[in-house]
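One structure is given below, encoded as C-alpha cells.
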2 protein chains.
Amino acid sequence: MARWEGNTRGRLERAALDLFREQGYDRTTVAQIAQRAGLTERSFYRWFADKREVLFGGDDLEACYLPAIQAAPEGLGALPTLLTAFAATPQVLRPREFLIERATVIAATPPLRERELIKMVTLAEKLVAALIDRGHDEQTAHLATDIGTAILRLATTRWILGDDTDFTTLLATAHQDLRTVAAT
Amino acid sequence: MARWEGNTRGRLERAALDLFREQGYDRTTVAQIAQRAGLTERSFYRWFADKREVLFGGDDLEACYLPAIQAAPEGLGALPTLLTAFAATPQVLRPREFLIERATVIAATPPLRERELIKMVTLAEKLVAALIDRGHDEQTAHLATDIGTAILRLATTRWILGDDTDFTTLLATAHQDLRTVAAT
DNA sequence: AAAGTGACGACAGTTTCTGTCGTCATGCAC
DNA sequence: GTGCATGACGACAGAAACTGTCGTCACTTT
C-alpha cells in the first residue's frame with residue numbers, strides 16, 4: 001500500500017485536525033496540510049474529495065447501526081429496533097480525545113457543520129431504508145427515525161454532560177421524556 | 001436604491017435558478033449568472049456571500065414562525081405552541097412554481113443540500129430559543145422542536161403528495177401518528 | 001527479467017472568493 | 001446651481017480550492 005511512511009490517510013487527518021486547531025479552518029491551506037503530512041497538495045485530493053472531507057472519513061456509525069438493525073429480533077416495532085441498535089453500539093470508536101477535538105473544530109466552523117449535517121442526514125436515510133427492508137412502511141420508518149434520532153441526541157447530550165448512567169437506561173429515560181412532551 | 005434596472009437581487013436569483021436548471025449547478029459560473037443579470041462577477045458577491053447563497057436569500061419562514069410563537073396563548077405547552085405556529089402560517093410565500101423549481105435543483109445538487117440543511121438547523125435553533133424565552137426549560141424546548149419538525153415534515157409530505165385536507169388537520173393527524181409510533 | 005500496478009510529484013489551468021481603487025449617477029446642503 | 005457625500009458598480013490583481021494530465025519510481029506478478 002503505502003510506499004513511504006504508511007497510513008497516509010491517517011497522517012493527513014491528523015495533520016489537518018492539528019492545523020485547524022492551531023490556526024483555524026479557513027486560515028489553513030490544503031498545501032499546508034499536505035506538507036505537514038509529507039505530501040503534495042495534489043496527493044491530498046487523491047485521498048479526500050475536498051478540504052472538508054478530511055474530518056469525515058469514517059463510516060463508523062453506519063457500520064455499527066445497520067448490522068445491528070438487521071440483527072434485531074423479528075417482529076419488533078420500528079422505534080424499538082432503532083433503540084436497540086443505538087444501545088448495542090459502542091459509544092467510542094476512536095480515541096475519545098480525538099473525537100472531542102474534532103467536535104470542537106466542527107462546531108466552530110460553519111463549512112464543517114454543513115458537511116456534518118449532510119453526513120447525519122445521509123445516515124438517517126440509510127436507517128429509514130433499513131427499517132423499510134424489515135417490512136415497515138415508509139412513513140412509519142421516517143417517523144421512527146426522526147423520533148429515534150431525537151432520543152439518541154438527548155441521551156448523548158446527557159451522557160456528555162457527565163451522566164454516567166448505563167446508556168441503555170439513558171435511552172429509555174429519553175424515550176419516556178419524549179413521550180411526555182409528545183402527549184401534550 | 002437600484003441605479004439601473006432595479007431589483008438587482010431578484011434578477012440575480014432568477015438568473016441563477018434558470019442557469020442551474022439549464023446546465024446544472026457546477027457547470028454554471030458565477031460570471032455567467034452575473035452576466036445574465038447584466039452585472040459583473042464582482043457585483044454578485046456584493047449581494048450574496050457565495051454561489052450557494054443565491055438560492056437561500058429569504059428568511060421567510062423565520063419571519064413567519066417566530067412572531068407566531070410569541071403570539072401564542074399564555075401557558076400553552078411547548079409542542080402545542082409550535083404546532084399552532086406551524087398551522088397559523090401561510091404555506092406559500094413565493095410563487096409556487098418558483099418554489100418547486102428551486103426545490104428540484106436543491107435536491108439534485110449536494111452542495112445546495114448542505115446549505116439547505118444548515119439553514120433548517122439554524123431555524124430550529126431559533127425555535128428552541130423562542131420556546132426557552134417563553135419559560136420552557138432547554139431540554140423540553142429541544143425535544144419539542146425535534147418532535148414538532150418531524151410532525152411538520154410528515155404533514156408537509158402528505159400535503160405535497162396531494163392531500164388537500166386543511167393543514168391544521170394534517171398537523172393533528174401527523175401528531176397522532178407520531179404518538180402511536182413513539183408509544184411502542 | 002519484463003510487464004503491470006499504485007502512489008506520488010510536477011505542472012498547467014479553471015473557478016471561487018477577496019481586497020482595493022476609480023467611476024458615475026443620485027441625493028442633499030448651501 | 002454648485003459642491004459634496006453616498007452607494008452601486010466595473011476593473012483589475014491575487015490567493016486559495018479544485019481538476020486534468022503526464023512522467024516517475026518503488027513494488028509485485030509472472
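For the C-alpha cells, the naming scheme is as follows: chains receive sequential letters (A, B, ...) according to their order of presentation, residues are indexed from 1 within each chain, and ligands are indexed from 1 in presentation order.
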Exercise for the section: Determine which residues of chain C sit within 10 Å of chain A, taking into account only C-alpha atoms (C1' of nucleotides), and present them as a PyMOL selection string. Expected result: chain C and resi 6-10
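For segment 24-38 of chain B, the set of protein, DNA and RNA residues having any atom at most 8 Å away, when counting only C-alpha atoms (C1' of nucleotides) and skipping those fewer than 5 positions along the same chain, is Thr8, Arg11, Leu12, Ala15, Ala16, Leu19, Ser43, Phe44, Lys51, Val105 and Thr109 of chain B; DT15 of chain C.
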Could you turn the residues from that selection into a file that holds N, CA and C atoms (P, O5', C5', C4', C3', O3' and C1' of nucleotides), as an mmCIF file, in the first residue's frame?
data_model
loop_
_atom_site.group_PDB
_atom_site.id
_atom_site.type_symbol
_atom_site.label_atom_id
_atom_site.label_comp_id
_atom_site.auth_asym_id
_atom_site.auth_seq_id
_atom_site.Cartn_x
_atom_site.Cartn_y
_atom_site.Cartn_z
ATOM 1 N N THR B 8 -32.053 44.332 -8.304
ATOM 2 C CA THR B 8 -30.822 43.625 -8.670
ATOM 3 C C THR B 8 -30.778 42.237 -8.053
ATOM 4 N N ARG B 11 -33.055 39.816 -9.776
ATOM 5 C CA ARG B 11 -32.563 39.433 -11.093
ATOM 6 C C ARG B 11 -31.473 38.379 -10.976
ATOM 7 N N LEU B 12 -30.600 38.538 -10.000
ATOM 8 C CA LEU B 12 -29.543 37.545 -9.811
ATOM 9 C C LEU B 12 -30.126 36.189 -9.415
ATOM 10 N N ALA B 15 -31.754 34.637 -12.524
ATOM 11 C CA ALA B 15 -30.743 34.174 -13.481
ATOM 12 C C ALA B 15 -30.069 32.908 -12.978
ATOM 13 N N ALA B 16 -29.743 32.874 -11.693
ATOM 14 C CA ALA B 16 -29.055 31.707 -11.127
ATOM 15 C C ALA B 16 -29.932 30.471 -11.237
ATOM 16 N N LEU B 19 -30.187 29.246 -14.843
ATOM 17 C CA LEU B 19 -28.950 28.630 -15.322
ATOM 18 C C LEU B 19 -28.713 27.275 -14.645
ATOM 19 N N SER B 43 -19.908 42.052 -8.649
ATOM 20 C CA SER B 43 -21.149 42.575 -8.078
ATOM 21 C C SER B 43 -22.014 41.469 -7.485
ATOM 22 N N PHE B 44 -21.933 40.278 -8.089
ATOM 23 C CA PHE B 44 -22.654 39.153 -7.498
ATOM 24 C C PHE B 44 -22.294 39.003 -6.030
ATOM 25 N N LYS B 51 -21.691 31.417 -3.907
ATOM 26 C CA LYS B 51 -22.507 30.943 -5.013
ATOM 27 C C LYS B 51 -23.762 30.217 -4.533
ATOM 28 N N VAL B 105 -33.881 21.758 -7.990
ATOM 29 C CA VAL B 105 -32.442 22.000 -8.155
ATOM 30 C C VAL B 105 -31.690 21.643 -6.882
ATOM 31 N N THR B 109 -28.407 18.708 -6.178
ATOM 32 C CA THR B 109 -27.006 19.095 -6.046
ATOM 33 C C THR B 109 -26.582 19.140 -4.583
ATOM 34 P P DT C 15 -14.120 27.817 -15.867
ATOM 35 O "O5'" DT C 15 -14.362 27.987 -14.303
ATOM 36 C "C5'" DT C 15 -14.567 26.832 -13.513
ATOM 37 C "C4'" DT C 15 -14.570 27.206 -12.046
ATOM 38 C "C3'" DT C 15 -15.387 28.473 -11.730
ATOM 39 O "O3'" DT C 15 -16.349 28.147 -10.748
ATOM 40 C "C1'" DT C 15 -13.241 28.556 -10.711
#
Exercise for the section: Report as a PyMOL selection string: the residues of segment 24-152 of chain B with a DSSP assignment of alpha helix (DSSP H), based on the backbone of this structure. Expected result: chain B and resi 30-36+41-47+60-70+78-87+96-108+110-133+138-152
Exercise for the section: Give me the residues within 9 Å of Asp146 of chain B as a list in words, counting only C-alpha atoms (C1' of nucleotides) and dropping any in the same chain fewer than 5 places off. Expected result: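 The contact residues come out as Asp146, Ile147, Thr149 and Ala150 of chain A; Ala124, Ala141 and Ile151 of chain B.
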Quick one: write out the picked residues with N, CA and C atoms as an mmCIF file, in the first residue's frame?
data_model
loop_
_atom_site.group_PDB
_atom_site.id
_atom_site.type_symbol
_atom_site.label_atom_id
_atom_site.label_comp_id
_atom_site.auth_asym_id
_atom_site.auth_seq_id
_atom_site.Cartn_x
_atom_site.Cartn_y
_atom_site.Cartn_z
ATOM 1 N N ASP A 146 -36.974 9.835 12.826
ATOM 2 C CA ASP A 146 -36.980 11.169 13.426
ATOM 3 C C ASP A 146 -37.028 11.073 14.942
ATOM 4 N N ILE A 147 -37.939 10.248 15.442
ATOM 5 C CA ILE A 147 -38.069 10.111 16.888
ATOM 6 C C ILE A 147 -36.792 9.512 17.476
ATOM 7 N N THR A 149 -33.679 9.506 16.407
ATOM 8 C CA THR A 149 -32.521 10.397 16.461
ATOM 9 C C THR A 149 -32.713 11.469 17.527
ATOM 10 N N ALA A 150 -33.940 11.922 17.724
ATOM 11 C CA ALA A 150 -34.185 12.892 18.794
ATOM 12 C C ALA A 150 -33.848 12.274 20.150
ATOM 13 N N ALA B 124 -34.270 25.913 13.383
ATOM 14 C CA ALA B 124 -34.696 25.106 14.521
ATOM 15 C C ALA B 124 -34.103 25.652 15.820
ATOM 16 N N ALA B 141 -37.530 22.234 25.364
ATOM 17 C CA ALA B 141 -37.586 23.031 24.138
ATOM 18 C C ALA B 141 -36.961 22.272 22.971
ATOM 19 N N ILE B 151 -43.220 16.298 12.897
ATOM 20 C CA ILE B 151 -44.646 16.383 12.561
ATOM 21 C C ILE B 151 -44.851 17.267 11.336
#
Residues near DC21 of chain C, anyone? I mean within 12 Å using only C-alpha atoms (C1' of nucleotides), not counting same-chain ones fewer than 4 positions away, as a PDB file with N, CA and C atoms (P, O5', C5', C4', C3', O3' and C1' of nucleotides), in the first residue's frame.
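Result written to part_39.pdb:
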ATOM      1  P    DG D  10     -21.328  46.042 -13.051  1.00  0.00           P
ATOM      2  O5'  DG D  10     -19.918  46.650 -13.470  1.00  0.00           O
ATOM      3  C5'  DG D  10     -19.867  47.787 -14.324  1.00  0.00           C
ATOM      4  C4'  DG D  10     -18.425  48.178 -14.596  1.00  0.00           C
ATOM      5  C3'  DG D  10     -17.527  47.044 -15.109  1.00  0.00           C
ATOM      6  O3'  DG D  10     -16.678  47.545 -16.129  1.00  0.00           O
ATOM      7  C1'  DG D  10     -16.641  47.920 -13.083  1.00  0.00           C
ATOM      8  P    DA D  11     -15.681  46.573 -16.907  1.00  0.00           P
ATOM      9  O5'  DA D  11     -14.239  46.834 -16.257  1.00  0.00           O
ATOM     10  C5'  DA D  11     -13.858  48.151 -15.836  1.00  0.00           C
ATOM     11  C4'  DA D  11     -12.448  48.111 -15.266  1.00  0.00           C
ATOM     12  C3'  DA D  11     -11.612  46.915 -15.708  1.00  0.00           C
ATOM     13  O3'  DA D  11     -10.250  47.293 -15.832  1.00  0.00           O
ATOM     14  C1'  DA D  11     -11.830  46.880 -13.374  1.00  0.00           C
ATOM     15  P    DC D  12      -9.230  46.473 -16.682  1.00  0.00           P
ATOM     16  O5'  DC D  12      -9.204  45.025 -16.014  1.00  0.00           O
ATOM     17  C5'  DC D  12      -8.009  44.434 -15.545  1.00  0.00           C
ATOM     18  C4'  DC D  12      -7.508  45.035 -14.253  1.00  0.00           C
ATOM     19  C3'  DC D  12      -6.501  44.145 -13.545  1.00  0.00           C
ATOM     20  O3'  DC D  12      -5.190  44.649 -13.725  1.00  0.00           O
ATOM     21  C1'  DC D  12      -8.198  44.972 -12.033  1.00  0.00           C
ATOM     22  P    DA D  13      -3.969  43.614 -13.786  1.00  0.00           P
ATOM     23  O5'  DA D  13      -3.727  43.192 -12.268  1.00  0.00           O
ATOM     24  C5'  DA D  13      -3.661  44.183 -11.240  1.00  0.00           C
ATOM     25  C4'  DA D  13      -3.576  43.503  -9.898  1.00  0.00           C
ATOM     26  C3'  DA D  13      -2.807  42.171  -9.927  1.00  0.00           C
ATOM     27  O3'  DA D  13      -1.937  42.094  -8.816  1.00  0.00           O
ATOM     28  C1'  DA D  13      -4.970  41.831  -9.027  1.00  0.00           C
TER      29       DA D  13
END
Practice task
Point out the residue among B:Leu123, B:Ala183, B:Ile118, B:Ala87 with the least atom-to-atom distance to Ala155 of chain B, counting only C-alpha atoms.
Solution key: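 Residue with the minimum atom-to-atom distance to Ala155 of chain B: B:Ala87.
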Practice task
Find, counting only C-alpha atoms, the residue in A:Thr104, A:Thr81, A:Thr169, A:Thr184 that gets nearest to chain B.
Solution key: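 Nearest candidate to chain B out of A:Thr104, A:Thr81, A:Thr169, A:Thr184: A:Thr184.
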Could you tell me which residues of chain D sit within 9 Å of chain B when counting only C-alpha atoms (C1' of nucleotides), and give me the result as a PDB file with N, CA and C atoms (P, O5', C5', C4', C3', O3' and C1' of nucleotides), in the first residue's frame?
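Wrote it out as result_31.pdb, contents follow:
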ATOM      1  P    DG D   7     -24.383  54.794   1.856  1.00  0.00           P
ATOM      2  O5'  DG D   7     -25.363  54.054   0.848  1.00  0.00           O
ATOM      3  C5'  DG D   7     -25.976  54.783  -0.221  1.00  0.00           C
ATOM      4  C4'  DG D   7     -25.858  54.009  -1.517  1.00  0.00           C
ATOM      5  C3'  DG D   7     -25.351  52.565  -1.366  1.00  0.00           C
ATOM      6  O3'  DG D   7     -26.036  51.760  -2.295  1.00  0.00           O
ATOM      7  C1'  DG D   7     -23.914  53.736  -2.799  1.00  0.00           C
ATOM      8  P    DA D   8     -26.114  50.179  -2.091  1.00  0.00           P
ATOM      9  O5'  DA D   8     -25.919  49.642  -3.583  1.00  0.00           O
ATOM     10  C5'  DA D   8     -26.756  50.165  -4.603  1.00  0.00           C
ATOM     11  C4'  DA D   8     -26.000  50.199  -5.914  1.00  0.00           C
ATOM     12  C3'  DA D   8     -25.408  48.858  -6.353  1.00  0.00           C
ATOM     13  O3'  DA D   8     -25.890  48.520  -7.645  1.00  0.00           O
ATOM     14  C1'  DA D   8     -23.797  50.596  -6.515  1.00  0.00           C
ATOM     15  P    DC D   9     -25.560  47.099  -8.265  1.00  0.00           P
ATOM     16  O5'  DC D   9     -24.240  47.359  -9.110  1.00  0.00           O
ATOM     17  C5'  DC D   9     -24.288  48.292 -10.185  1.00  0.00           C
ATOM     18  C4'  DC D   9     -22.900  48.674 -10.629  1.00  0.00           C
ATOM     19  C3'  DC D   9     -22.005  47.525 -11.037  1.00  0.00           C
ATOM     20  O3'  DC D   9     -22.113  47.300 -12.426  1.00  0.00           O
ATOM     21  C1'  DC D   9     -20.833  49.309  -9.908  1.00  0.00           C
ATOM     22  P    DG D  10     -21.328  46.042 -13.051  1.00  0.00           P
ATOM     23  O5'  DG D  10     -19.918  46.650 -13.470  1.00  0.00           O
ATOM     24  C5'  DG D  10     -19.867  47.787 -14.324  1.00  0.00           C
ATOM     25  C4'  DG D  10     -18.425  48.178 -14.596  1.00  0.00           C
ATOM     26  C3'  DG D  10     -17.527  47.044 -15.109  1.00  0.00           C
ATOM     27  O3'  DG D  10     -16.678  47.545 -16.129  1.00  0.00           O
ATOM     28  C1'  DG D  10     -16.641  47.920 -13.083  1.00  0.00           C
TER      29       DG D  10
END
Fill in the blank from the handout: One residue among B:Ala129, B:Ala107, B:Ala78, B:Ile160 is nearest to chain A when using only C-alpha atoms, and that residue is B:Ala78
Could you produce a table of the residues of chain A lying within 9 Å of chain B, with the nearest pair of atoms per residue and their separation in Å rounded to one decimal, using only C-alpha atoms, ordered by chain and increasing residue number, as CSV?
residue,atom,partner,partner_atom,distance
A:Gly77,CA,B:Thr184,CA,6.6
A:Ala78,CA,B:Val181,CA,7.8
A:Leu79,CA,B:Thr184,CA,6.9
A:Pro80,CA,B:Thr184,CA,6.9
A:Pro110,CA,B:Ile118,CA,8.5
A:Arg113,CA,B:Ile118,CA,7.5
A:Glu114,CA,B:Glu114,CA,5.3
A:Arg115,CA,B:Glu114,CA,6.5
A:Glu116,CA,B:Glu114,CA,8.9
A:Leu117,CA,B:Leu117,CA,6.7
A:Ile118,CA,B:Glu114,CA,5.7
A:Val121,CA,B:Leu117,CA,8.7
A:Gln139,CA,B:Leu154,CA,7.7
A:Thr140,CA,B:Val181,CA,7.2
A:His142,CA,B:Leu154,CA,8.4
A:Leu143,CA,B:Leu178,CA,6.5
A:Ala144,CA,B:Val181,CA,6.5
A:Asp146,CA,B:Ala150,CA,6.1
A:Ile147,CA,B:Ile147,CA,7.0
A:Gly148,CA,B:Ala182,CA,8.9
A:Thr149,CA,B:Asp146,CA,8.9
A:Ala150,CA,B:Asp146,CA,6.1
A:Ile151,CA,B:Leu143,CA,8.3
A:Leu154,CA,B:Gln139,CA,7.7
A:His175,CA,B:Ala182,CA,7.9
A:Asp177,CA,B:Thr140,CA,8.4
A:Leu178,CA,B:Leu143,CA,6.5
A:Arg179,CA,B:Ala182,CA,6.5
A:Val181,CA,B:Ala144,CA,6.5
A:Ala182,CA,B:Arg179,CA,6.5
A:Ala183,CA,B:Arg179,CA,7.1
A:Thr184,CA,B:Gly77,CA,6.6
Please, could you write that set of residues out with N, CA and C atoms as an mmCIF file, in the first residue's frame?
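Saved as again-v8.cif:
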data_model
loop_
_atom_site.group_PDB
_atom_site.id
_atom_site.type_symbol
_atom_site.label_atom_id
_atom_site.label_comp_id
_atom_site.auth_asym_id
_atom_site.auth_seq_id
_atom_site.Cartn_x
_atom_site.Cartn_y
_atom_site.Cartn_z
ATOM 1 N N GLY A 77 -41.095 -3.573 16.793
ATOM 2 C CA GLY A 77 -41.552 -2.331 16.197
ATOM 3 C C GLY A 77 -40.390 -1.530 15.637
ATOM 4 N N ALA A 78 -40.723 -0.504 14.810
ATOM 5 C CA ALA A 78 -39.671 0.272 14.150
ATOM 6 C C ALA A 78 -38.808 1.020 15.167
ATOM 7 N N LEU A 79 -39.458 1.743 16.065
ATOM 8 C CA LEU A 79 -38.684 2.526 17.031
ATOM 9 C C LEU A 79 -37.855 1.642 17.969
ATOM 10 N N PRO A 80 -38.432 0.582 18.568
ATOM 11 C CA PRO A 80 -37.612 -0.300 19.410
ATOM 12 C C PRO A 80 -36.424 -0.893 18.658
ATOM 13 N N PRO A 110 -18.543 26.935 10.285
ATOM 14 C CA PRO A 110 -19.770 26.667 9.540
ATOM 15 C C PRO A 110 -19.612 25.696 8.379
ATOM 16 N N ARG A 113 -19.707 22.322 9.769
ATOM 17 C CA ARG A 113 -21.034 21.978 10.292
ATOM 18 C C ARG A 113 -21.948 21.525 9.153
ATOM 19 N N GLU A 114 -21.880 22.243 8.039
ATOM 20 C CA GLU A 114 -22.693 21.843 6.887
ATOM 21 C C GLU A 114 -22.394 20.403 6.504
ATOM 22 N N ARG A 115 -21.117 20.084 6.392
ATOM 23 C CA ARG A 115 -20.745 18.731 5.994
ATOM 24 C C ARG A 115 -21.229 17.704 7.013
ATOM 25 N N GLU A 116 -21.095 18.029 8.283
ATOM 26 C CA GLU A 116 -21.546 17.100 9.319
ATOM 27 C C GLU A 116 -23.044 16.839 9.214
ATOM 28 N N LEU A 117 -23.800 17.906 8.961
ATOM 29 C CA LEU A 117 -25.250 17.752 8.861
ATOM 30 C C LEU A 117 -25.632 16.814 7.729
ATOM 31 N N ILE A 118 -25.022 16.985 6.566
ATOM 32 C CA ILE A 118 -25.420 16.137 5.448
ATOM 33 C C ILE A 118 -24.985 14.697 5.695
ATOM 34 N N VAL A 121 -27.753 13.333 7.894
ATOM 35 C CA VAL A 121 -28.980 13.094 7.138
ATOM 36 C C VAL A 121 -28.829 11.856 6.261
ATOM 37 N N GLN A 139 -43.710 5.777 5.786
ATOM 38 C CA GLN A 139 -43.969 6.885 6.710
ATOM 39 C C GLN A 139 -43.625 6.509 8.148
ATOM 40 N N THR A 140 -43.942 5.285 8.519
ATOM 41 C CA THR A 140 -43.571 4.839 9.858
ATOM 42 C C THR A 140 -42.054 4.835 10.025
ATOM 43 N N HIS A 142 -39.847 6.685 8.478
ATOM 44 C CA HIS A 142 -39.400 8.072 8.630
ATOM 45 C C HIS A 142 -39.664 8.580 10.037
ATOM 46 N N LEU A 143 -40.883 8.403 10.472
ATOM 47 C CA LEU A 143 -41.278 8.913 11.781
ATOM 48 C C LEU A 143 -40.415 8.303 12.878
ATOM 49 N N ALA A 144 -40.236 6.979 12.816
ATOM 50 C CA ALA A 144 -39.439 6.300 13.836
ATOM 51 C C ALA A 144 -38.000 6.815 13.816
ATOM 52 N N ASP A 146 -36.974 9.835 12.826
ATOM 53 C CA ASP A 146 -36.980 11.169 13.426
ATOM 54 C C ASP A 146 -37.028 11.073 14.942
ATOM 55 N N ILE A 147 -37.939 10.248 15.442
ATOM 56 C CA ILE A 147 -38.069 10.111 16.888
ATOM 57 C C ILE A 147 -36.792 9.512 17.476
ATOM 58 N N GLY A 148 -36.298 8.479 16.832
ATOM 59 C CA GLY A 148 -35.111 7.793 17.350
ATOM 60 C C GLY A 148 -33.905 8.700 17.435
ATOM 61 N N THR A 149 -33.679 9.506 16.407
ATOM 62 C CA THR A 149 -32.521 10.397 16.461
ATOM 63 C C THR A 149 -32.713 11.469 17.527
ATOM 64 N N ALA A 150 -33.940 11.922 17.724
ATOM 65 C CA ALA A 150 -34.185 12.892 18.794
ATOM 66 C C ALA A 150 -33.848 12.274 20.150
ATOM 67 N N ILE A 151 -34.269 11.030 20.339
ATOM 68 C CA ILE A 151 -33.962 10.340 21.596
ATOM 69 C C ILE A 151 -32.459 10.159 21.757
ATOM 70 N N LEU A 154 -30.784 13.411 22.738
ATOM 71 C CA LEU A 154 -30.990 13.791 24.133
ATOM 72 C C LEU A 154 -30.150 12.920 25.069
ATOM 73 N N HIS A 175 -36.534 8.349 25.969
ATOM 74 C CA HIS A 175 -37.748 7.901 25.289
ATOM 75 C C HIS A 175 -38.979 8.297 26.100
ATOM 76 N N ASP A 177 -39.193 10.713 28.291
ATOM 77 C CA ASP A 177 -39.329 12.173 28.253
ATOM 78 C C ASP A 177 -39.994 12.617 26.956
ATOM 79 N N LEU A 178 -39.589 12.018 25.862
ATOM 80 C CA LEU A 178 -40.195 12.377 24.584
ATOM 81 C C LEU A 178 -41.685 12.078 24.580
ATOM 82 N N ARG A 179 -42.035 10.902 25.092
ATOM 83 C CA ARG A 179 -43.466 10.572 25.127
ATOM 84 C C ARG A 179 -44.243 11.601 25.933
ATOM 85 N N VAL A 181 -43.518 14.823 26.396
ATOM 86 C CA VAL A 181 -43.675 16.072 25.648
ATOM 87 C C VAL A 181 -44.671 15.883 24.501
ATOM 88 N N ALA A 182 -44.608 14.732 23.855
ATOM 89 C CA ALA A 182 -45.472 14.489 22.706
ATOM 90 C C ALA A 182 -46.932 14.354 23.116
ATOM 91 N N ALA A 183 -47.163 14.026 24.385
ATOM 92 C CA ALA A 183 -48.533 13.779 24.836
ATOM 93 C C ALA A 183 -49.315 15.081 24.998
ATOM 94 N N THR A 184 -48.619 16.198 25.105
ATOM 95 C CA THR A 184 -49.315 17.469 25.357
ATOM 96 C C THR A 184 -50.011 17.991 24.123
#
Fill in the blank from the handout: Here atom C1' of DC27 of chain D and atom CA of Asn7 of chain A stand apart by 16.8 Å
Exercise for the section: Please indicate the distance in Å from atom CA of Glu74 of chain A to atom CA of Asp137 of chain A, rounded to one decimal place. Expected result: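 Separation between atom CA of Glu74 of chain A and atom CA of Asp137 of chain A: 15.7 Å.
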Practice task
Figure out the distance between atom C1' of DC17 of chain C and atom CA of Asp18 of chain A, please, to one decimal in Å.
Solution key: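 Interatomic distance here is 25.0 Å.
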Practice task
For Ala88 of chain B, please output as a list in words all residues within 10 Å (counting only C-alpha atoms (C1' of nucleotides); exclusion window: fewer than 5 positions along the same chain).
Solution key: Cys64, Tyr65, Ala68, Ile69, Leu82, Leu83, Phe167 and Thr168 of chain B
Exercise for the section: Excluding DG14 of chain D and any residue of its chain fewer than 6 positions from it, enumerate the residues within 12 Å of it, using only C-alpha atoms (C1' of nucleotides), and give them as an MDAnalysis selection string. Expected result: chainID C and resid 17:20
Handout entry: Contacts of DT29 of chain D within 12 Å, only C-alpha atoms (C1' of nucleotides), excl. fewer than 6 positions in-chain, as number ranges by chain
Key = C: 2-5
Problem - Of the listed residues C:DA1, C:DA12, C:DC24, C:DA29, that which approaches DT21 of chain D most closely, counting only C-alpha atoms (C1' of nucleotides) - result: C:DA12
